[in-house]
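Content type PDB, C-alpha atoms, from the file final25.pdb:
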```
ATOM      1  CA  MET A  23       0.000   0.000   0.000
ATOM      2  CA  GLY A  24       2.813   2.466   0.758
ATOM      3  CA  THR A  25       2.906   5.459   3.054
ATOM      4  CA  VAL A  26       0.168   7.985   3.749
ATOM      5  CA  ARG A  27       1.095  11.153   1.876
ATOM      6  CA  LYS A  28      -0.211  13.871   4.197
ATOM      7  CA  GLU A  29       1.287  14.091   7.676
ATOM      8  CA  SER A  30      -1.983  15.396   9.093
ATOM      9  CA  ARG A  31      -3.806  12.320   7.767
ATOM     10  CA  ARG A  32      -1.084  10.065   9.119
ATOM     11  CA  GLN A  33      -1.518  11.543  12.587
ATOM     12  CA  GLU A  34      -5.297  11.034  12.360
ATOM     13  CA  LEU A  35      -4.800   7.401  11.447
ATOM     14  CA  LEU A  36      -2.349   6.883  14.298
ATOM     15  CA  THR A  37      -4.923   8.293  16.696
ATOM     16  CA  LEU A  38      -7.603   5.996  15.300
ATOM     17  CA  SER A  39      -5.363   2.915  15.327
ATOM     18  CA  GLU A  40      -4.679   3.547  19.008
ATOM     19  CA  ARG A  41      -8.413   3.686  19.616
ATOM     20  CA  LEU A  42      -8.834   0.430  17.710
ATOM     21  CA  GLY A  43      -6.054  -1.233  19.711
ATOM     22  CA  VAL A  44      -4.120  -2.150  16.574
ATOM     23  CA  THR A  45      -0.609  -1.004  15.690
ATOM     24  CA  PHE A  46      -0.623  -1.076  11.899
ATOM     25  CA  ARG A  47       2.580  -1.907  10.098
ATOM     26  CA  ASP A  48       1.073  -0.317   6.977
ATOM     27  CA  LEU A  49      -1.126   2.663   7.757
ATOM     28  CA  GLY A  50      -2.010   2.778   4.070
ATOM     29  CA  LEU A  51      -4.279  -0.231   4.590
ATOM     30  CA  LEU A  52      -6.218   1.602   7.274
ATOM     31  CA  ASP A  53      -6.381   4.660   5.027
ATOM     32  CA  GLN A  54      -7.816   2.551   2.211
ATOM     33  CA  ALA A  55     -10.366   0.992   4.571
ATOM     34  CA  LEU A  56     -11.614   4.507   5.311
ATOM     35  CA  THR A  57     -11.794   5.629   1.671
ATOM     36  CA  HIS A  58     -15.289   5.629   0.178
ATOM     37  CA  THR A  59     -15.794   4.988  -3.530
ATOM     38  CA  SER A  60     -17.164   8.515  -3.975
ATOM     39  CA  TYR A  61     -13.835   9.975  -2.824
ATOM     40  CA  ALA A  62     -11.837   7.655  -5.082
ATOM     41  CA  ASN A  63     -14.019   8.563  -8.058
ATOM     42  CA  GLU A  64     -13.483  12.289  -7.503
ATOM     43  CA  SER A  65      -9.767  11.986  -6.817
ATOM     44  CA  LYS A  66      -7.378  13.082  -9.547
ATOM     45  CA  ARG A  67      -4.955  10.368  -8.462
ATOM     46  CA  ASN A  68      -5.476   6.619  -8.826
ATOM     47  CA  THR A  69      -6.952   6.221  -5.342
ATOM     48  CA  ALA A  70      -7.910   2.803  -3.973
ATOM     49  CA  HIS A  71     -11.272   2.623  -2.173
ATOM     50  CA  ASN A  72     -12.499   0.222   0.494
ATOM     51  CA  GLU A  73     -14.844  -2.138  -1.374
ATOM     52  CA  ARG A  74     -12.338  -4.976  -1.735
ATOM     53  CA  LEU A  75     -11.308  -4.678   1.904
ATOM     54  CA  GLU A  76     -14.989  -4.741   2.860
ATOM     55  CA  PHE A  77     -15.400  -8.003   0.918
ATOM     56  CA  LEU A  78     -12.436  -9.536   2.731
ATOM     57  CA  GLY A  79     -13.464  -8.170   6.115
ATOM     58  CA  ASP A  80     -16.960  -9.603   5.772
ATOM     59  CA  ALA A  81     -15.473 -13.094   5.339
ATOM     60  CA  VAL A  82     -13.095 -12.641   8.282
ATOM     61  CA  LEU A  83     -15.943 -11.324  10.437
ATOM     62  CA  GLU A  84     -18.114 -14.329   9.671
ATOM     63  CA  LEU A  85     -15.352 -16.855  10.352
ATOM     64  CA  ALA A  86     -14.196 -15.134  13.546
ATOM     65  CA  SER A  87     -17.705 -14.833  14.966
ATOM     66  CA  SER A  88     -18.558 -18.391  13.922
ATOM     67  CA  THR A  89     -15.406 -19.708  15.582
ATOM     68  CA  TYR A  90     -16.173 -17.871  18.804
ATOM     69  CA  LEU A  91     -19.749 -19.156  18.933
ATOM     70  CA  TYR A  92     -18.638 -22.715  18.131
ATOM     71  CA  GLU A  93     -16.040 -22.682  20.903
ATOM     72  CA  HIS A  94     -18.141 -20.941  23.573
ATOM     73  CA  PHE A  95     -21.544 -22.510  22.945
ATOM     74  CA  PRO A  96     -20.778 -26.251  22.674
ATOM     75  CA  GLU A  97     -24.386 -27.288  23.301
ATOM     76  CA  MET A  98     -25.948 -24.952  20.747
ATOM     77  CA  PRO A  99     -27.244 -26.748  17.590
ATOM     78  CA  GLU A 100     -26.236 -25.639  14.096
ATOM     79  CA  GLY A 101     -29.453 -23.811  13.323
ATOM     80  CA  GLU A 102     -29.295 -21.786  16.511
ATOM     81  CA  LEU A 103     -25.630 -20.982  15.900
ATOM     82  CA  THR A 104     -26.558 -19.624  12.474
ATOM     83  CA  ARG A 105     -29.388 -17.557  13.888
ATOM     84  CA  THR A 106     -27.249 -16.184  16.718
ATOM     85  CA  ARG A 107     -24.435 -15.232  14.355
ATOM     86  CA  ALA A 108     -26.897 -13.487  12.036
ATOM     87  CA  SER A 109     -28.261 -11.512  14.973
ATOM     88  CA  ILE A 110     -24.794 -10.484  16.113
ATOM     89  CA  VAL A 111     -23.363  -9.392  12.751
ATOM     90  CA  CYS A 112     -26.498  -7.663  11.460
ATOM     91  CA  SER A 113     -26.228  -4.301   9.720
ATOM     92  CA  THR A 114     -27.637  -2.301  12.631
ATOM     93  CA  THR A 115     -25.131  -3.744  15.099
ATOM     94  CA  LEU A 116     -22.109  -3.246  12.848
ATOM     95  CA  ALA A 117     -23.085   0.322  12.007
ATOM     96  CA  GLY A 118     -23.576   1.056  15.702
ATOM     97  CA  LEU A 119     -20.161  -0.345  16.544
ATOM     98  CA  ALA A 120     -18.572   1.701  13.765
ATOM     99  CA  ALA A 121     -20.263   4.844  15.098
ATOM    100  CA  GLY A 122     -19.041   4.054  18.590
ATOM    101  CA  LEU A 123     -15.480   3.836  17.295
ATOM    102  CA  GLY A 124     -15.899   7.109  15.456
ATOM    103  CA  LEU A 125     -15.070   5.552  12.091
ATOM    104  CA  GLY A 126     -17.425   7.907  10.301
ATOM    105  CA  ASP A 127     -15.306  10.868  11.398
ATOM    106  CA  TYR A 128     -12.304   9.430   9.562
ATOM    107  CA  LEU A 129     -14.041   8.526   6.312
ATOM    108  CA  LEU A 130     -12.782  10.093   3.097
ATOM    109  CA  LEU A 131     -15.911  10.994   1.144
ATOM    110  CA  GLY A 132     -16.719  12.645  -2.150
ATOM    111  CA  HIS A 133     -18.443  16.015  -2.052
ATOM    112  CA  GLY A 134     -21.924  14.692  -2.805
ATOM    113  CA  GLU A 135     -21.671  11.883  -0.276
ATOM    114  CA  GLU A 136     -20.392  14.296   2.338
ATOM    115  CA  MET A 137     -23.244  16.727   1.770
ATOM    116  CA  GLY A 138     -25.743  13.868   1.794
ATOM    117  CA  GLY A 139     -24.856  12.758   5.327
ATOM    118  CA  GLY A 140     -22.531   9.952   4.309
ATOM    119  CA  ARG A 141     -20.617   9.973   7.589
ATOM    120  CA  THR A 142     -23.634   8.715   9.484
ATOM    121  CA  ARG A 143     -25.241   6.594   6.759
ATOM    122  CA  GLN A 144     -25.816   3.076   8.077
ATOM    123  CA  THR A 145     -24.531   1.309   4.966
ATOM    124  CA  ASN A 146     -21.325   3.355   4.952
ATOM    125  CA  LEU A 147     -20.703   2.664   8.628
ATOM    126  CA  GLU A 148     -21.314  -1.060   8.225
ATOM    127  CA  ASP A 149     -19.041  -1.171   5.191
ATOM    128  CA  VAL A 150     -16.196   0.692   6.874
ATOM    129  CA  PHE A 151     -16.446  -1.524   9.949
ATOM    130  CA  GLU A 152     -15.919  -4.585   7.737
ATOM    131  CA  ALA A 153     -13.226  -2.873   5.665
ATOM    132  CA  VAL A 154     -11.197  -2.126   8.797
ATOM    133  CA  ILE A 155     -11.392  -5.813   9.714
ATOM    134  CA  GLY A 156     -10.041  -6.621   6.261
ATOM    135  CA  ALA A 157      -7.196  -4.164   6.792
ATOM    136  CA  VAL A 158      -6.345  -5.681  10.174
ATOM    137  CA  TYR A 159      -6.311  -9.144   8.618
ATOM    138  CA  LEU A 160      -3.960  -8.164   5.793
ATOM    139  CA  ASP A 161      -1.689  -6.201   8.109
ATOM    140  CA  GLN A 162      -1.614  -8.477  11.167
ATOM    141  CA  GLY A 163      -2.824 -11.925  10.089
ATOM    142  CA  TRP A 164      -5.671 -14.192  11.149
ATOM    143  CA  ALA A 165      -4.976 -14.421  14.878
ATOM    144  CA  ALA A 166      -4.866 -10.666  15.365
ATOM    145  CA  ALA A 167      -7.921 -10.145  13.150
ATOM    146  CA  LYS A 168      -9.883 -12.757  15.108
ATOM    147  CA  ASP A 169      -8.900 -11.120  18.402
ATOM    148  CA  TYR A 170      -9.929  -7.724  17.030
ATOM    149  CA  VAL A 171     -13.355  -9.012  15.962
ATOM    150  CA  VAL A 172     -13.972 -10.704  19.310
ATOM    151  CA  ARG A 173     -12.927  -7.546  21.138
ATOM    152  CA  GLN A 174     -15.306  -5.388  19.122
ATOM    153  CA  LEU A 175     -18.197  -7.848  19.423
ATOM    154  CA  ARG A 176     -17.639  -8.744  23.062
ATOM    155  CA  GLY A 177     -20.755  -6.935  24.206
ATOM    156  CA  GLU A 178     -22.878  -8.768  21.640
ATOM    157  CA  PHE A 179     -21.399 -12.125  22.636
ATOM    158  CA  GLN A 180     -22.216 -11.373  26.258
ATOM    159  CA  LYS A 181     -25.809 -10.676  25.269
ATOM    160  CA  ALA A 182     -25.899 -14.033  23.511
ATOM    161  CA  GLU A 183     -24.644 -15.726  26.673
ATOM    162  CA  ARG A 184     -27.559 -14.166  28.547
ATOM    163  CA  GLY A 185     -29.957 -15.288  25.817
ATOM    164  CA  ALA A 186     -30.866 -11.679  25.111
ATOM    165  CA  ILE A 187     -29.690 -11.260  21.550
ATOM    166  CA  LEU A 188     -31.808 -13.510  19.355
ATOM    167  CA  LYS A 189     -34.163 -11.748  16.989
ATOM    168  CA  ASP A 190     -37.040 -13.148  15.024
ATOM    169  CA  TYR A 191     -36.393 -14.774  11.655
ATOM    170  CA  LYS A 192     -38.238 -12.049   9.762
ATOM    171  CA  THR A 193     -35.963  -9.371  11.208
ATOM    172  CA  ILE A 194     -32.828 -11.375  10.435
ATOM    173  CA  LEU A 195     -33.979 -12.001   6.864
ATOM    174  CA  GLN A 196     -34.797  -8.338   6.385
ATOM    175  CA  GLU A 197     -31.417  -7.176   7.639
ATOM    176  CA  ARG A 198     -29.593  -9.680   5.467
ATOM    177  CA  VAL A 199     -31.516  -8.968   2.259
ATOM    178  CA  PHE A 200     -31.525  -5.193   2.625
ATOM    179  CA  ARG A 201     -27.751  -5.053   2.881
ATOM    180  CA  ARG A 202     -27.906  -4.713  -0.910
ATOM    181  CA  GLU A 203     -29.760  -1.872  -2.539
ATOM    182  CA  GLY A 204     -32.790  -2.607  -4.690
ATOM    183  CA  GLN A 205     -33.842  -5.750  -2.811
ATOM    184  CA  SER A 206     -37.384  -6.482  -1.629
ATOM    185  CA  ILE A 207     -39.253  -8.890   0.631
ATOM    186  CA  VAL A 208     -42.939  -9.725   0.267
ATOM    187  CA  TYR A 209     -44.993 -12.220   2.302
ATOM    188  CA  ARG A 210     -47.963 -13.718   0.454
ATOM    189  CA  LEU A 211     -50.800 -15.805   1.818
ATOM    190  CA  VAL A 212     -50.845 -19.069  -0.149
ATOM    191  CA  ARG A 213     -53.742 -20.838   1.531
ATOM    192  CA  GLU A 214     -55.953 -20.773   4.565
ATOM    193  CA  THR A 215     -57.520 -23.984   5.852
ATOM    194  CA  GLY A 216     -59.662 -25.197   8.734
ATOM    195  CA  PRO A 217     -62.655 -23.759  10.618
ATOM    196  CA  ASP A 218     -62.573 -20.307  12.182
ATOM    197  CA  HIS A 219     -61.676 -21.656  15.618
ATOM    198  CA  ASP A 220     -58.808 -23.809  14.306
ATOM    199  CA  LYS A 221     -57.377 -22.162  11.226
ATOM    200  CA  SER A 222     -54.048 -22.915   9.602
ATOM    201  CA  PHE A 223     -52.216 -20.396   7.412
ATOM    202  CA  THR A 224     -49.526 -20.953   4.804
ATOM    203  CA  PHE A 225     -47.364 -18.063   3.638
ATOM    204  CA  GLU A 226     -44.551 -17.825   1.134
ATOM    205  CA  VAL A 227     -41.819 -15.220   1.226
ATOM    206  CA  VAL A 228     -40.683 -13.671  -2.040
ATOM    207  CA  VAL A 229     -37.208 -12.159  -2.050
ATOM    208  CA  THR A 230     -36.651  -9.770  -4.947
ATOM    209  CA  GLY A 231     -39.177 -11.583  -7.111
ATOM    210  CA  LYS A 232     -38.143 -15.131  -6.212
ATOM    211  CA  VAL A 233     -39.997 -17.449  -3.840
ATOM    212  CA  MET A 234     -37.425 -18.402  -1.201
ATOM    213  CA  GLY A 235     -39.493 -20.009   1.546
ATOM    214  CA  GLU A 236     -42.864 -21.292   2.648
ATOM    215  CA  GLY A 237     -44.236 -21.812   6.122
ATOM    216  CA  THR A 238     -47.410 -22.939   7.851
ATOM    217  CA  GLY A 239     -48.673 -21.905  11.275
ATOM    218  CA  ARG A 240     -51.687 -21.434  13.480
ATOM    219  CA  SER A 241     -51.392 -17.677  12.985
ATOM    220  CA  LYS A 242     -50.273 -15.524  10.101
ATOM    221  CA  LYS A 243     -47.271 -14.290  12.088
ATOM    222  CA  GLU A 244     -46.164 -17.820  12.899
ATOM    223  CA  ALA A 245     -46.466 -18.860   9.254
ATOM    224  CA  GLU A 246     -44.421 -15.872   8.137
ATOM    225  CA  GLN A 247     -41.721 -16.723  10.677
ATOM    226  CA  HIS A 248     -41.470 -20.285   9.335
ATOM    227  CA  ALA A 249     -41.283 -18.960   5.778
ATOM    228  CA  ALA A 250     -38.513 -16.521   6.736
ATOM    229  CA  ARG A 251     -36.580 -19.316   8.438
ATOM    230  CA  MET A 252     -36.704 -21.440   5.282
ATOM    231  CA  ALA A 253     -35.543 -18.475   3.219
ATOM    232  CA  LEU A 254     -32.580 -17.925   5.536
ATOM    233  CA  GLU A 255     -31.615 -21.591   5.316
ATOM    234  CA  ARG A 256     -31.754 -21.461   1.522
ATOM    235  CA  LEU A 257     -29.708 -18.273   1.383
ATOM    236  CA  GLU A 258     -27.120 -19.858   3.673
ATOM    237  CA  ALA A 259     -26.939 -22.997   1.524
ATOM    238  CA  LYS A 260     -26.730 -20.917  -1.653
ATOM    239  CA  LYS A 261     -23.766 -18.998  -0.267
ATOM    240  CA  TYR A 262     -21.726 -22.145   0.262
ATOM    241  CA  THR A 263     -22.599 -23.730  -3.080
ATOM    242  CA  LYS A 264     -21.514 -20.800  -5.235
TER     243      LYS A 264
END
```
Give the structure from this file in structure tokens form.
Amino acid sequence: MGTVRKESRRQELLTLSERLGVTFRDLGLLDQALTHTSYANESKRNTAHNERLEFLGDAVLELASSTYLYEHFPEMPEGELTRTRASIVCSTTLAGLAAGLGLGDYLLLGHGEEMGGGRTRQTNLEDVFEAVIGAVYLDQGWAAAKDYVVRQLRGEFQKAERGAILKDYKTILQERVFRREGQSIVYRLVRETGPDHDKSFTFEVVVTGKVMGEGTGRSKKEAEQHAARMALERLEAKKYTK
């Protein structure tokens, strides 16, 4: 990556790295993690932005959190591990952690993104949180990156230990799907059977035009939850078969 050109920026990054608890060998990686595409597009120089680091950091985050849950919750079945991990690494949580670290204050943004409130935009904060993880991984290796993730998520893991973190399947599905712009989720009633005092409802969930799950329950809410759970399982399986 090379050195950071401006001394003032270098000092800012040193301050942030101290806050993060990471001594970077290459501050340029941290600088890249904090560079939004809008800034790179407006820059006259060939400036690297943080999208590739975000991609890498997302993978490191998932493996580190999965490893922690596997090691610390030996009695938890696979499905519950998946649900707990999804609750912990959801967009809202990551953006909140990024805000708590002040990452938005260090973002390099293009003029339009700056004027549009980009420093506090949830997607930007989530992305920069993951990009920093990617930078830590490249700079320090797996062990340090895993320790960094666990340190940042410690509060969420403690909530999981108290059984206070699990969200409903519909919320988890929504947070996962809406991480990408232009996505949609629709629940449709497929059939309704039984007498009024003992009805059964079947719903399907359509994710961006594609039926991804179906569920049946004694109430519409229960049926939607089952449908969302099936959709999450299919999305998880799809990810590992690509």
Using Å and a single decimal, report how far CA of Arg107 in chain A sits from CA of Leu91 in chain A.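 Value for the CA of Leu91 in chain A-CA of Arg107 in chain A distance: 7.6 Å.
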Could you state which residues are captured by the PyMOL selection byres ((chain A and resi 34) around 12) in this file, as a JSON list (two decimals) with C-alpha atoms, keeping the file's coordinate frame?
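So expr.json came out as:
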```json
[["chain", "number", "residue", "atom", "x", "y", "z"],
["A", 26, "VAL", "CA", 0.17, 7.98, 3.75],
["A", 28, "LYS", "CA", -0.21, 13.87, 4.20],
["A", 29, "GLU", "CA", 1.29, 14.09, 7.68],
["A", 30, "SER", "CA", -1.98, 15.40, 9.09],
["A", 31, "ARG", "CA", -3.81, 12.32, 7.77],
["A", 32, "ARG", "CA", -1.08, 10.06, 9.12],
["A", 33, "GLN", "CA", -1.52, 11.54, 12.59],
["A", 35, "LEU", "CA", -4.80, 7.40, 11.45],
["A", 36, "LEU", "CA", -2.35, 6.88, 14.30],
["A", 37, "THR", "CA", -4.92, 8.29, 16.70],
["A", 38, "LEU", "CA", -7.60, 6.00, 15.30],
["A", 39, "SER", "CA", -5.36, 2.92, 15.33],
["A", 40, "GLU", "CA", -4.68, 3.55, 19.01],
["A", 41, "ARG", "CA", -8.41, 3.69, 19.62],
["A", 49, "LEU", "CA", -1.13, 2.66, 7.76],
["A", 52, "LEU", "CA", -6.22, 1.60, 7.27],
["A", 53, "ASP", "CA", -6.38, 4.66, 5.03],
["A", 56, "LEU", "CA", -11.61, 4.51, 5.31],
["A", 124, "GLY", "CA", -15.90, 7.11, 15.46],
["A", 125, "LEU", "CA", -15.07, 5.55, 12.09],
["A", 127, "ASP", "CA", -15.31, 10.87, 11.40],
["A", 128, "TYR", "CA", -12.30, 9.43, 9.56],
["A", 129, "LEU", "CA", -14.04, 8.53, 6.31],
["A", 130, "LEU", "CA", -12.78, 10.09, 3.10]]
```
Residue nearest Leu254 in chain A among A:Leu160, A:Ala108, A:Ile155, A:Leu75 (counting all atoms listed in the file):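 Of all the options, A:Ala108 lies closest to Leu254 in chain A.
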Nearest residue to Met98 in chain A out of A:Glu183, A:Glu258, A:Glu84, A:Glu148, using only C-alpha atoms?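 Result for the nearest residue to Met98 in chain A: A:Glu183.
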For a quick check of your reading of the model, name the residues lying within 6 Å of the coordinate (-23.2, -1.0, 7.6), counting all atoms listed in the file, and write them as a list of chain:residue names.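 Taken together, the residues in range are A:Ser113, A:Leu116, A:Ala117, A:Gln144, A:Thr145, A:Asn146, A:Leu147, A:Glu148, A:Asp149.
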Test item: axis-aligned box, all listed atoms of range 121-130 of chain A, 8 Å on each side, centre and edges in Å rounded to one decimal, as AutoDock Vina command-line options:
```
--center_x -16.3 --center_y 7.4 --center_z 10.8 --size_x 24.0 --size_y 23.0 --size_z 31.5
```
Pick the closest to Gly156 in chain A from A:Arg143, A:Arg74, A:Arg105, A:Arg202: which is it, counting only C-alpha atoms? A:Arg74
Report the distance between CA of Val44 in chain A and CA of Ser87 in chain A in Å, rounded to one decimal place.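 Between CA of Val44 in chain A and CA of Ser87 in chain A the gap works out to 18.7 Å.
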Record the distance separating CA of Ala245 in chain A and CA of Glu97 in chain A, expressed in Å with one decimal. 27.5 Å
Picked residues, the PyMOL selection byres ((chain A and resi 227) around 6), expected as a PyMOL selection string: chain A and resi 208-209+226+228+233-235+249
Write out as a VMD selection string which residues come within 9 Å of Lys242 in chain A when counting only C-alpha atoms, dropping same-chain ones fewer than 3 positions away. chain A and resid 211 222 to 225 238 to 239 245 to 247
I'd like the neighbourhood of Gln196 in chain A as an MDAnalysis selection string, where a residue qualifies if any of its atoms comes within 12 Å (using all atoms listed in the file), though same-chain residues fewer than 2 positions away should be ignored. chainID A and resid 108:109 112:114 189:194 198:202 205:209 227:230 247 250:251 253:254
Minimum-distance residue to Asp80 in chain A, chosen among A:Ala153, A:Ala166, A:Val212, A:Met137 (using all atoms listed in the file): A:Ala153
Pick from A:Gly126, A:Thr89, A:Glu244, A:Ala81 nearest to Thr57 in chain A, counting all atoms listed in the file: A:Gly126
Determine, using only C-alpha atoms, which residues of range 81-158 of chain A have any atom at most 7 Å from an atom of range 170-178 of chain A, and tabulate each with its shortest atom pair and distance in Å to one decimal place, rows ordered by chain and then rising number, as JSON lines.
```
{"residue": "A:Leu83", "atom": "CA", "partner": "A:Val171", "partner_atom": "CA", "distance": 6.5}
{"residue": "A:Ala86", "atom": "CA", "partner": "A:Val171", "partner_atom": "CA", "distance": 6.6}
{"residue": "A:Ile110", "atom": "CA", "partner": "A:Glu178", "partner_atom": "CA", "distance": 6.1}
```
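Using the PyMOL selection byres ((chain A and resi 131) around 9) on the file at hand returns these residues: A:Leu56, A:Thr57, A:His58, A:Thr59, A:Ser60, A:Tyr61, A:Ala62, A:Leu129, A:Leu130, A:Gly132, A:His133, A:Gly134, A:Glu135, A:Glu136, A:Gly140, A:Arg141.
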From the block you just saw, export range 219-238 of chain A: N, CA, C and O atoms, as a compact mmCIF listing (two decimals), in the first residue's frame.
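Final file, result-v1.txt:
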```
# COMPACT_ATOMS: atom_id res chain seq x y z
N HIS A 219 -62.27 -21.47 14.29
CA HIS A 219 -61.68 -21.66 15.62
C HIS A 219 -60.37 -22.45 15.57
O HIS A 219 -59.69 -22.58 16.58
N ASP A 220 -60.02 -22.98 14.41
CA ASP A 220 -58.81 -23.81 14.31
C ASP A 220 -58.19 -23.65 12.92
O ASP A 220 -57.96 -24.62 12.21
N LYS A 221 -57.91 -22.43 12.56
CA LYS A 221 -57.38 -22.16 11.23
C LYS A 221 -55.88 -22.46 11.13
O LYS A 221 -55.15 -22.40 12.12
N SER A 222 -55.46 -22.72 9.92
CA SER A 222 -54.05 -22.91 9.60
C SER A 222 -53.72 -22.05 8.39
O SER A 222 -54.47 -22.04 7.40
N PHE A 223 -52.60 -21.32 8.48
CA PHE A 223 -52.22 -20.40 7.41
C PHE A 223 -50.89 -20.83 6.80
O PHE A 223 -49.99 -21.28 7.52
N THR A 224 -50.78 -20.69 5.50
CA THR A 224 -49.53 -20.95 4.80
C THR A 224 -49.11 -19.71 4.03
O THR A 224 -49.88 -19.18 3.22
N PHE A 225 -47.91 -19.24 4.31
CA PHE A 225 -47.36 -18.06 3.64
C PHE A 225 -46.09 -18.44 2.89
O PHE A 225 -45.37 -19.37 3.29
N GLU A 226 -45.83 -17.73 1.81
CA GLU A 226 -44.55 -17.82 1.13
C GLU A 226 -43.88 -16.46 1.19
O GLU A 226 -44.56 -15.43 1.26
N VAL A 227 -42.56 -16.47 1.22
CA VAL A 227 -41.82 -15.22 1.23
C VAL A 227 -41.10 -15.10 -0.11
O VAL A 227 -40.44 -16.02 -0.58
N VAL A 228 -41.27 -13.94 -0.73
CA VAL A 228 -40.68 -13.67 -2.04
C VAL A 228 -39.57 -12.64 -1.86
O VAL A 228 -39.82 -11.52 -1.39
N VAL A 229 -38.37 -13.04 -2.18
CA VAL A 229 -37.21 -12.16 -2.05
C VAL A 229 -36.79 -11.67 -3.43
O VAL A 229 -36.35 -12.46 -4.27
N THR A 230 -37.00 -10.40 -3.67
CA THR A 230 -36.65 -9.77 -4.95
C THR A 230 -37.21 -10.57 -6.13
O THR A 230 -36.49 -10.92 -7.07
N GLY A 231 -38.49 -10.91 -6.02
CA GLY A 231 -39.18 -11.58 -7.11
C GLY A 231 -39.08 -13.08 -7.14
O GLY A 231 -39.70 -13.73 -7.99
N LYS A 232 -38.33 -13.68 -6.22
CA LYS A 232 -38.14 -15.13 -6.21
C LYS A 232 -38.66 -15.73 -4.91
O LYS A 232 -38.33 -15.25 -3.83
N VAL A 233 -39.49 -16.78 -5.03
CA VAL A 233 -40.00 -17.45 -3.84
C VAL A 233 -38.85 -18.19 -3.17
O VAL A 233 -38.21 -19.06 -3.76
N MET A 234 -38.56 -17.83 -1.91
CA MET A 234 -37.42 -18.40 -1.20
C MET A 234 -37.83 -19.25 0.00
O MET A 234 -37.00 -19.95 0.58
N GLY A 235 -39.10 -19.21 0.39
CA GLY A 235 -39.49 -20.01 1.55
C GLY A 235 -41.00 -20.08 1.69
O GLY A 235 -41.72 -19.23 1.18
N GLU A 236 -41.43 -21.12 2.37
CA GLU A 236 -42.86 -21.29 2.65
C GLU A 236 -43.02 -21.83 4.05
O GLU A 236 -42.23 -22.66 4.51
N GLY A 237 -44.03 -21.36 4.76
CA GLY A 237 -44.24 -21.81 6.12
C GLY A 237 -45.70 -21.85 6.49
O GLY A 237 -46.51 -21.08 5.97
N THR A 238 -46.03 -22.77 7.38
CA THR A 238 -47.41 -22.94 7.85
C THR A 238 -47.47 -22.76 9.36
O THR A 238 -46.56 -23.21 10.08
```
